[in-house]
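File shown: model18.cif (mmCIF, C-alpha atoms).
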```cif
data_my_file
loop_
_atom_site.group_PDB
_atom_site.id
_atom_site.type_symbol
_atom_site.label_atom_id
_atom_site.label_comp_id
_atom_site.auth_asym_id
_atom_site.auth_seq_id
_atom_site.Cartn_x
_atom_site.Cartn_y
_atom_site.Cartn_z
ATOM 1 C CA THR A 1 -110.854 18.233 -24.043
ATOM 2 C CA PRO A 2 -111.406 15.381 -26.495
ATOM 3 C CA ARG A 3 -111.931 16.718 -29.990
ATOM 4 C CA ARG A 4 -115.335 16.347 -31.598
ATOM 5 C CA ALA A 5 -116.051 14.990 -35.043
ATOM 6 C CA ARG A 6 -118.696 16.396 -37.347
ATOM 7 C CA GLY A 7 -122.139 16.019 -35.811
ATOM 8 C CA GLY A 8 -120.871 16.293 -32.241
ATOM 9 C CA VAL A 9 -119.871 12.625 -31.929
ATOM 10 C CA ALA A 10 -116.666 12.046 -29.981
ATOM 11 C CA SER A 11 -113.823 10.978 -32.259
ATOM 12 C CA ASN A 12 -110.666 9.124 -31.302
ATOM 13 C CA PRO A 13 -107.238 10.015 -32.662
ATOM 14 C CA SER A 14 -105.593 7.921 -35.360
ATOM 15 C CA LEU A 15 -102.338 6.103 -34.691
ATOM 16 C CA ALA A 16 -99.585 5.705 -37.272
ATOM 17 C CA ILE A 17 -96.787 3.250 -36.515
ATOM 18 C CA VAL A 18 -93.732 3.880 -38.681
ATOM 19 C CA PRO A 19 -89.996 3.134 -38.685
ATOM 20 C CA ARG A 20 -88.106 5.745 -36.697
ATOM 21 C CA SER A 21 -86.359 6.981 -39.838
ATOM 22 C CA LEU A 22 -89.730 7.969 -41.358
ATOM 23 C CA VAL A 23 -91.223 9.927 -38.458
ATOM 24 C CA PHE A 24 -89.793 13.236 -39.694
ATOM 25 C CA ASN A 25 -91.074 12.553 -43.223
ATOM 26 C CA TRP A 26 -94.600 11.856 -41.967
ATOM 27 C CA ILE A 27 -94.654 15.047 -39.917
ATOM 28 C CA ALA A 28 -93.276 17.116 -42.804
ATOM 29 C CA GLU A 29 -95.915 15.709 -45.180
ATOM 30 C CA ALA A 30 -98.682 16.369 -42.645
ATOM 31 C CA ARG A 31 -97.587 20.003 -42.329
ATOM 32 C CA ARG A 32 -97.433 20.330 -46.091
ATOM 33 C CA PHE A 33 -100.756 18.768 -47.057
ATOM 34 C CA THR A 34 -102.882 19.082 -43.882
ATOM 35 C CA PRO A 35 -101.508 22.031 -41.888
ATOM 36 C CA GLY A 36 -104.550 22.029 -39.607
ATOM 37 C CA LEU A 37 -103.953 18.432 -38.476
ATOM 38 C CA ARG A 38 -102.844 18.194 -34.867
ATOM 39 C CA VAL A 39 -99.940 15.727 -34.864
ATOM 40 C CA LEU A 40 -98.245 14.229 -31.809
ATOM 41 C CA GLU A 41 -94.857 12.511 -31.827
ATOM 42 C CA HIS A 42 -95.253 9.724 -29.276
ATOM 43 C CA HIS A 43 -91.715 8.493 -28.834
ATOM 44 C CA GLY A 44 -88.606 9.445 -26.927
ATOM 45 C CA VAL A 45 -88.045 9.819 -23.207
ATOM 46 C CA ARG A 46 -90.498 12.733 -22.835
ATOM 47 C CA ARG A 47 -93.532 10.968 -24.284
ATOM 48 C CA VAL A 48 -96.688 11.183 -22.172
ATOM 49 C CA LYS A 49 -98.542 7.929 -21.555
ATOM 50 C CA SER A 50 -102.013 9.361 -21.059
ATOM 51 C CA ASP A 51 -105.132 8.648 -23.094
ATOM 52 C CA THR A 52 -106.420 12.122 -22.184
ATOM 53 C CA HIS A 53 -103.259 13.605 -23.666
ATOM 54 C CA LEU A 54 -103.607 11.574 -26.890
ATOM 55 C CA GLN A 55 -107.224 12.672 -27.280
ATOM 56 C CA GLN A 56 -106.043 16.243 -27.854
ATOM 57 C CA PHE A 57 -104.539 15.244 -31.224
ATOM 58 C CA ASP A 58 -105.837 14.062 -34.582
ATOM 59 C CA LEU A 59 -102.850 11.868 -35.434
ATOM 60 C CA VAL A 60 -100.439 10.173 -33.051
ATOM 61 C CA MET A 61 -97.080 9.168 -34.558
ATOM 62 C CA THR A 62 -95.050 6.416 -32.959
ATOM 63 C CA THR A 63 -92.366 3.922 -33.901
ATOM 64 C CA TYR A 64 -92.324 0.133 -33.904
ATOM 65 C CA GLY A 65 -89.865 0.196 -31.022
ATOM 66 C CA THR A 66 -92.124 2.445 -28.945
ATOM 67 C CA LEU A 67 -95.103 0.258 -29.853
ATOM 68 C CA VAL A 68 -93.441 -2.643 -28.062
ATOM 69 C CA ARG A 69 -92.188 -0.579 -25.123
ATOM 70 C CA ASP A 70 -95.618 1.044 -24.594
ATOM 71 C CA ALA A 71 -97.637 -2.050 -25.476
ATOM 72 C CA SER A 72 -99.790 -2.129 -22.346
ATOM 73 C CA PHE A 73 -100.582 1.594 -22.559
ATOM 74 C CA LEU A 74 -101.370 1.652 -26.287
ATOM 75 C CA GLN A 75 -103.529 -1.466 -25.999
ATOM 76 C CA SER A 76 -105.676 0.347 -23.425
ATOM 77 C CA CYS A 77 -106.464 3.150 -25.911
ATOM 78 C CA VAL A 78 -109.027 3.159 -28.713
ATOM 79 C CA PHE A 79 -108.056 4.687 -32.040
ATOM 80 C CA ASP A 80 -110.091 5.732 -35.036
ATOM 81 C CA CYS A 81 -107.641 4.568 -37.697
ATOM 82 C CA LEU A 82 -104.597 2.395 -37.093
ATOM 83 C CA ILE A 83 -101.929 2.688 -39.797
ATOM 84 C CA LEU A 84 -98.816 0.577 -40.254
ATOM 85 C CA ASP A 85 -96.198 2.060 -42.575
ATOM 86 C CA GLU A 86 -93.594 -0.388 -43.888
ATOM 87 C CA ALA A 87 -96.020 -3.068 -42.756
ATOM 88 C CA GLN A 88 -93.603 -5.842 -43.722
ATOM 89 C CA MET A 89 -92.286 -5.227 -40.205
ATOM 90 C CA ILE A 90 -95.070 -7.603 -39.060
ATOM 91 C CA LYS A 91 -94.514 -10.217 -41.802
ATOM 92 C CA ASN A 92 -93.550 -12.769 -39.138
ATOM 93 C CA PRO A 93 -96.817 -13.414 -37.237
ATOM 94 C CA ALA A 94 -94.926 -14.685 -34.197
ATOM 95 C CA SER A 95 -92.786 -11.545 -33.872
ATOM 96 C CA THR A 96 -93.295 -9.101 -31.020
ATOM 97 C CA TYR A 97 -94.222 -6.356 -33.486
ATOM 98 C CA ALA A 98 -96.959 -8.464 -35.091
ATOM 99 C CA ARG A 99 -98.403 -9.785 -31.838
ATOM 100 C CA THR A 100 -98.488 -6.314 -30.278
ATOM 101 C CA ALA A 101 -100.022 -4.632 -33.337
ATOM 102 C CA ARG A 102 -102.827 -7.208 -33.492
ATOM 103 C CA LEU A 103 -103.885 -6.348 -29.942
ATOM 104 C CA LEU A 104 -104.408 -2.645 -30.607
ATOM 105 C CA LYS A 105 -108.013 -1.416 -30.795
ATOM 106 C CA ALA A 106 -109.170 0.690 -33.736
ATOM 107 C CA SER A 107 -112.263 1.228 -35.869
ATOM 108 C CA HIS A 108 -110.259 1.066 -39.103
ATOM 109 C CA ARG A 109 -106.946 -0.522 -40.062
ATOM 110 C CA LEU A 110 -104.555 0.173 -42.912
ATOM 111 C CA ALA A 111 -101.258 -1.504 -43.829
ATOM 112 C CA MET A 112 -98.888 0.211 -46.274
ATOM 113 C CA THR A 113 -95.918 -1.599 -47.757
ATOM 114 C CA GLY A 114 -93.905 -1.777 -50.933
ATOM 115 C CA THR A 115 -93.113 -5.444 -50.282
ATOM 116 C CA PRO A 116 -96.203 -7.310 -49.008
ATOM 117 C CA ILE A 117 -94.503 -10.625 -49.820
ATOM 118 C CA GLU A 118 -90.744 -10.958 -49.547
ATOM 119 C CA ASN A 119 -90.234 -14.696 -49.042
ATOM 120 C CA HIS A 120 -93.478 -16.684 -49.068
ATOM 121 C CA LEU A 121 -97.268 -16.320 -49.007
ATOM 122 C CA GLY A 122 -97.353 -16.791 -45.238
ATOM 123 C CA GLU A 123 -96.270 -13.176 -44.907
ATOM 124 C CA ILE A 124 -99.492 -11.957 -46.521
ATOM 125 C CA TRP A 125 -101.396 -14.011 -43.922
ATOM 126 C CA SER A 126 -99.699 -12.052 -41.142
ATOM 127 C CA LEU A 127 -100.672 -8.713 -42.720
ATOM 128 C CA PHE A 128 -104.308 -9.725 -43.112
ATOM 129 C CA GLU A 129 -104.475 -11.220 -39.642
ATOM 130 C CA PHE A 130 -103.707 -7.683 -38.476
ATOM 131 C CA LEU A 131 -106.132 -6.039 -40.930
ATOM 132 C CA ASP A 132 -109.073 -8.425 -40.580
ATOM 133 C CA PRO A 133 -108.477 -11.225 -38.050
ATOM 134 C CA GLY A 134 -109.771 -14.589 -39.211
ATOM 135 C CA LEU A 135 -110.302 -13.569 -42.845
ATOM 136 C CA LEU A 136 -107.769 -16.106 -44.113
ATOM 137 C CA GLY A 137 -108.406 -18.705 -41.415
ATOM 138 C CA SER A 138 -105.790 -19.985 -39.015
ATOM 139 C CA SER A 139 -102.099 -19.878 -39.832
ATOM 140 C CA ALA A 140 -101.916 -23.674 -39.989
ATOM 141 C CA LYS A 141 -104.875 -23.902 -42.348
ATOM 142 C CA PHE A 142 -103.466 -21.154 -44.548
ATOM 143 C CA LYS A 143 -100.105 -22.920 -44.788
ATOM 144 C CA LYS A 144 -101.836 -26.145 -45.735
ATOM 145 C CA SER A 145 -103.811 -24.442 -48.495
ATOM 146 C CA PHE A 146 -101.198 -22.074 -49.895
ATOM 147 C CA GLY A 147 -97.796 -22.720 -48.343
ATOM 148 C CA ALA A 148 -96.501 -25.299 -50.807
ATOM 149 C CA GLN A 149 -97.857 -23.740 -54.001
ATOM 150 C CA ASP A 150 -96.609 -20.158 -54.024
ATOM 151 C CA GLY A 151 -96.582 -19.961 -57.801
ATOM 152 C CA GLY A 152 -99.485 -22.248 -58.673
ATOM 153 C CA GLU A 153 -103.255 -22.199 -58.910
ATOM 154 C CA SER A 154 -103.612 -21.601 -55.179
ATOM 155 C CA ALA A 155 -101.613 -18.375 -55.426
ATOM 156 C CA ARG A 156 -103.815 -17.145 -58.281
ATOM 157 C CA PHE A 157 -106.927 -17.951 -56.261
ATOM 158 C CA LEU A 158 -105.536 -16.051 -53.266
ATOM 159 C CA SER A 159 -104.732 -13.089 -55.511
ATOM 160 C CA CYS A 160 -108.343 -12.952 -56.753
ATOM 161 C CA LEU A 161 -109.635 -13.301 -53.199
ATOM 162 C CA LEU A 162 -107.588 -10.374 -51.871
ATOM 163 C CA ARG A 163 -107.719 -8.052 -54.888
ATOM 164 C CA PRO A 164 -110.786 -6.098 -53.660
ATOM 165 C CA LEU A 165 -108.948 -5.361 -50.418
ATOM 166 C CA LEU A 166 -105.745 -4.054 -51.975
ATOM 167 C CA LEU A 167 -105.000 -0.607 -53.353
ATOM 168 C CA ARG A 168 -101.944 -0.883 -55.579
ATOM 169 C CA ARG A 169 -99.912 2.065 -56.824
ATOM 170 C CA THR A 170 -97.003 1.603 -59.212
ATOM 171 C CA LYS A 171 -93.888 3.753 -59.391
ATOM 172 C CA ARG A 172 -94.959 5.037 -62.810
ATOM 173 C CA GLU A 173 -98.131 6.445 -61.241
ATOM 174 C CA VAL A 174 -96.065 8.188 -58.576
ATOM 175 C CA GLU A 175 -93.172 9.481 -60.650
ATOM 176 C CA THR A 176 -93.696 9.683 -64.403
ATOM 177 C CA ALA A 177 -90.085 10.687 -65.101
ATOM 178 C CA LEU A 178 -88.635 7.376 -63.926
ATOM 179 C CA PRO A 179 -86.791 5.443 -66.667
ATOM 180 C CA GLU A 180 -87.924 1.988 -67.728
ATOM 181 C CA ARG A 181 -86.770 -0.790 -65.441
ATOM 182 C CA VAL A 182 -83.935 -2.903 -66.756
ATOM 183 C CA GLU A 183 -83.812 -6.538 -65.650
ATOM 184 C CA GLN A 184 -80.870 -8.862 -66.020
ATOM 185 C CA THR A 185 -81.012 -12.520 -65.052
ATOM 186 C CA VAL A 186 -77.737 -14.183 -64.079
ATOM 187 C CA PHE A 187 -77.788 -17.922 -63.389
ATOM 188 C CA CYS A 188 -75.387 -19.229 -60.767
ATOM 189 C CA ASP A 189 -75.183 -22.970 -60.121
ATOM 190 C CA LEU A 190 -74.623 -24.028 -56.528
ATOM 191 C CA GLU A 191 -72.054 -26.601 -55.533
ATOM 192 C CA PRO A 192 -73.601 -29.879 -54.219
ATOM 193 C CA ARG A 193 -73.030 -28.977 -50.568
ATOM 194 C CA GLN A 194 -74.358 -25.443 -51.086
ATOM 195 C CA ARG A 195 -77.423 -26.849 -52.842
ATOM 196 C CA ARG A 196 -78.086 -29.255 -49.960
ATOM 197 C CA ASP A 197 -77.759 -26.508 -47.349
ATOM 198 C CA TYR A 198 -79.902 -24.111 -49.398
ATOM 199 C CA ASP A 199 -82.668 -26.681 -49.892
ATOM 200 C CA GLU A 200 -82.698 -27.556 -46.187
ATOM 201 C CA ILE A 201 -83.073 -23.893 -45.187
ATOM 202 C CA ARG A 202 -85.704 -23.269 -47.874
ATOM 203 C CA GLN A 203 -87.717 -26.307 -46.806
ATOM 204 C CA HIS A 204 -87.511 -25.214 -43.155
#
```

For the structure just supplied, provide its representation as structure tokens.
Amino acid sequence: TPRRARGGVASNPSLAIVPRSLVFNWIAEARRFTPGLRVLEHHGVRRVKSDTHLQQFDLVMTTYGTLVRDASFLQSCVFDCLILDEAQMIKNPASTYARTARLLKASHRLAMTGTPIENHLGEIWSLFEFLDPGLLGSSAKFKKSFGAQDGGESARFLSCLLRPLLLRRTKREVETALPERVEQTVFCDLEPRQRRDYDEIRQH
């Protein structure tokens, strides 16, 4: 039977989408900190594609690969909380991962990543299009406003705009015994042909 939340209101399970290498870690942490949480591993050849089956659990764990393979089934379900771990997996808004994740139905959404921006500000647009569709406008409009000024006033404005929606945790807050970071900058001049090729790829 579907589990019941406090007050007798039916509650849907939460879905966490994680890289396959992290599934074991998630399950181990759930057992450690929330031993009463009913966790389902939804991946592998024996997975059951049934909403009734999923409703028997509090947290459903799946992988990005399974998300794509079970896209039609997962899109037919309704989840309480939808969590993306290593959310940079959807940094390309045109990728299959990103398009599939945006179609899932959930009351709440959470994206966790250590690298929200790896190459350009357009990647943050893809994350927020998943979290709150339309918040940052269309992709084309976002690129026009922020694409060419990653380090300028536009980037600072975007940072202020998104700050209330971000929860940031530094390594020092997680592990106090870590040594200070050491940075070393090494300049390497490109040959003319390398510079031309690099600039063409960067502009593209």

Practice task
Starting from the shown file, work through the PyMOL selection byres ((chain A and resi 98) around 10) and note down what comes out as a VMD selection string.
Solution key: chain A and resid 64 68 87 to 97 99 to 103 126 to 127 129 to 130

Go ahead and dump the residues you just picked, C-alpha atoms, as a tab-separated table (two decimals), keeping the file's coordinate frame.
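Result written to again_30.tsv:
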```
chain	number	residue	atom	x	y	z
A	64	TYR	CA	-92.32	0.13	-33.90
A	68	VAL	CA	-93.44	-2.64	-28.06
A	87	ALA	CA	-96.02	-3.07	-42.76
A	88	GLN	CA	-93.60	-5.84	-43.72
A	89	MET	CA	-92.29	-5.23	-40.20
A	90	ILE	CA	-95.07	-7.60	-39.06
A	91	LYS	CA	-94.51	-10.22	-41.80
A	92	ASN	CA	-93.55	-12.77	-39.14
A	93	PRO	CA	-96.82	-13.41	-37.24
A	94	ALA	CA	-94.93	-14.68	-34.20
A	95	SER	CA	-92.79	-11.54	-33.87
A	96	THR	CA	-93.30	-9.10	-31.02
A	97	TYR	CA	-94.22	-6.36	-33.49
A	99	ARG	CA	-98.40	-9.78	-31.84
A	100	THR	CA	-98.49	-6.31	-30.28
A	101	ALA	CA	-100.02	-4.63	-33.34
A	102	ARG	CA	-102.83	-7.21	-33.49
A	103	LEU	CA	-103.88	-6.35	-29.94
A	126	SER	CA	-99.70	-12.05	-41.14
A	127	LEU	CA	-100.67	-8.71	-42.72
A	129	GLU	CA	-104.48	-11.22	-39.64
A	130	PHE	CA	-103.71	-7.68	-38.48
```

Exercise for the section: Have a look at atom CA of Leu121 of chain A and atom CA of Glu200 of chain A and let me know their distance in Å, one decimal. Expected result: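 These two atoms are separated by 18.6 Å.
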
Practice task
List the residues sitting within 10 Å of (-92.1, 15.1, -30.7) in the file's frame, using only C-alpha atoms, as a PyMOL selection string.
Solution key: chain A and resi 23-24+27+39-44+46-47+60-62

Practice task
Give as a ChimeraX atom specification the residues that the PyMOL selection byres ((chain A and resi 75) around 7) matches when applied to the coordinates above.
Solution key: /A:71-74,76-77,103-105

Practice task
To one decimal in Å, tell me the separation between atom CA of Val45 of chain A and atom CA of Thr113 of chain A.
Solution key: 28.2 Å

Draw an axis-aligned box over all listed atoms of segment 71-88 of chain A, pad each side with 5 Å, and write its centre and edge lengths in Å, one decimal, as JSON.
```
{"center_x": -101.8, "center_y": -0.1, "center_z": -33.1, "size_x": 26.5, "size_y": 21.6, "size_z": 31.5}
```

Exercise for the section: Can you work out the spacing between atom CA of Leu158 of chain A and atom CA of Asn119 of chain A in Å, to one decimal? Expected result: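 Between atom CA of Leu158 of chain A and atom CA of Asn119 of chain A the gap is 15.9 Å.
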
Practice task
Counting only C-alpha atoms, figure out which residue out of A:Thr63, A:Glu173, A:Arg181, A:Leu165 gets nearest to Leu22 of chain A.
Solution key: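 Among the listed residues, the smallest separation from Leu22 of chain A belongs to A:Thr63.
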
Problem - Counting only C-alpha atoms, the residue of A:Ile17, A:Leu131, A:Ile201, A:Leu136 that sits nearest Glu86 of chain A - result: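 For Glu86 of chain A, the nearest of the given residues is A:Ile17.
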
Exercise for the section: On this file, the PyMOL selection byres ((chain A and resi 122) around 8) gives some set of residues; write that set as a ChimeraX atom specification. Expected result: /A:91,120-121,123-126,139,142-143,147
